[in-house]
Amino acid sequence: MHYGRLFPWLALLLPLTASAHNFVQGERVPPVGINDRGELRYQQDKFTYQNWNSAALPGKVRVLLHIAGRASSKEKNAALIEAIKAARFPHDRYQTTTLVNTDDAIPGTGMFVRSSIQSNKQQFPWSQFIIDSNGVAKKAWQLENEGSAIVVLDKEGKVRFAKDGALTQDEAKQVITLVRQLLQQK
């Protein structure tokens with residue numbers, strides 16, 4: 001067997017096996033509906049929840065962030081979140097959608113996680129926060145435990161970038177550049 005010819009092909013497959021998610025470039029995210037908790041709404045100084053479905057994703061360019069309900073998971077892509085804040089993308093054409101898997105939280109911390117999310121919703125009312133108490137999206141999208149996944153969607157809701165895990169500095173820059181490009185498209 002000629003290992004010299006086989007090695008480059010194996011090297012090409014490694015990035016595919018390292019990521020367990022099932023997001024496909026150019027397609028919509030696999031469908032998911034979250035009925036236990038769901039989208040956090042804040043109106044007239046009151047928090048409520050409503051059912052949420054991934055069918056609602058098209059319409060705006062967005063960064064979809066799926067994180068476990070743990071501080072360590074939130075920190076994995078904190079640099080990207082800061083870069084998004086600094087970029088000041090237009091709210092009428094861009095939205096950050098954060099799904100928090102409270103099923104994957106340290107036992108006994110769910111109340112604190114939800115309180116933190118509520119604080120973020122007050123601070124960034126144009127952002128979308130979805131509480132997934134049963135880990136429905138994690139299972140449907142085949143994401144890692146204790147993880148942090150980033151997915152960039154175009155305005156049709158199609159995947160343009162996806163990674164389950166911490167982004168490198170270059171990948172974070174790539175995401176910001178991609179969002180800017182998508183926002184310039186008509």
# chains A, B, ... in the order shown; residues from 1 in each chain; ligands from 1

$ residues_around --residues "region 88-105 of chain A" --least-positions-apart "4" --cutoff "7 Å" --atoms "only C-alpha atoms" --output "PyMOL selection string"
chain A and resi 60-70+84+109-110+126-135+146

$ write_last_selection --atoms "C-alpha atoms" --output "CSV table (one decimal), in the first residue's frame"
chain,number,residue,atom,x,y,z
A,60,LYS,CA,-32.0,38.5,8.5
A,61,VAL,CA,-28.3,37.8,8.4
A,62,ARG,CA,-27.5,36.2,11.7
A,63,VAL,CA,-24.9,34.6,13.9
A,64,LEU,CA,-26.5,31.7,15.6
A,65,LEU,CA,-24.7,30.8,18.9
A,66,HIS,CA,-25.6,27.6,20.6
A,67,ILE,CA,-24.0,27.3,24.1
A,68,ALA,CA,-24.3,25.0,27.1
A,69,GLY,CA,-25.6,26.7,30.2
A,70,ARG,CA,-22.1,27.0,31.7
A,84,ILE,CA,-20.0,41.5,17.1
A,109,THR,CA,-27.3,26.6,38.4
A,110,GLY,CA,-30.2,26.9,36.0
A,126,TRP,CA,-32.7,43.5,19.7
A,127,SER,CA,-30.9,40.2,20.2
A,128,GLN,CA,-32.7,36.9,20.4
A,129,PHE,CA,-32.3,34.5,23.3
A,130,ILE,CA,-33.8,31.1,23.3
A,131,ILE,CA,-33.8,28.9,26.4
A,132,ASP,CA,-33.7,25.2,25.6
A,133,SER,CA,-34.4,23.3,28.8
A,134,ASN,CA,-34.4,19.9,27.3
A,135,GLY,CA,-31.4,20.1,24.9
A,146,GLU,CA,-20.5,21.6,27.3

$ residues_around --residues "Ser148 (chain A)" --least-positions-apart "4" --cutoff "9 Å" --atoms "only C-alpha atoms" --output "CSV table (one decimal) with C-alpha atoms, in the first residue's frame"
chain,number,residue,atom,x,y,z
A,65,LEU,CA,-24.7,30.8,18.9
A,66,HIS,CA,-25.6,27.6,20.6
A,67,ILE,CA,-24.0,27.3,24.1
A,68,ALA,CA,-24.3,25.0,27.1
A,73,SER,CA,-19.0,27.3,27.4
A,74,LYS,CA,-19.9,31.0,27.2
A,75,GLU,CA,-16.2,32.0,27.4
A,76,LYS,CA,-15.2,29.7,24.5
A,77,ASN,CA,-16.5,32.3,22.0
A,143,LEU,CA,-23.5,19.3,19.1
A,144,GLU,CA,-20.8,18.5,21.7
A,163,LYS,CA,-18.1,25.3,13.9
A,164,ASP,CA,-18.8,23.5,17.1
A,165,GLY,CA,-16.1,24.6,19.5
A,166,ALA,CA,-14.0,27.6,20.2

$ select_by_dssp --residues "chain A" --states "helix (DSSP H, G or I)" --output "PyMOL selection string"
chain A and resi 3-18+54-56+71-76+78-87+102-104+110-123+136-140+169-184

$ atom_distance --atom1 "CA of Pro58 (chain A)" --atom2 "CA of Gly38 (chain A)"
17.6 Å

$ closest_residue --among "A:Val152, A:Glu171, A:Gln184, A:Ala137" --to "Arg28 (chain A)" --atoms "only C-alpha atoms"
A:Val152

$ select_by_dssp --residues "chain A" --states "strand (DSSP E or B)" --output "PyMOL selection string"
chain A and resi 28+33-43+46-53+61-68+94-101+128-132+148-153+158-164

$ atom_distance --atom1 "CA of Ile34 (chain A)" --atom2 "CA of Ala71 (chain A)"
22.1 Å

$ closest_atom_pairs --of "region 57-164 of chain A" --to "region 42-46 of chain A" --cutoff "10 Å" --atoms "only C-alpha atoms" --output "tab-separated table"
residue	atom	partner	partner_atom	distance
A:Gln118	CA	A:Tyr42	CA	8.3
A:Lys121	CA	A:Tyr42	CA	7.2
A:Gln122	CA	A:Tyr42	CA	7.2
A:Pro125	CA	A:Tyr42	CA	7.5
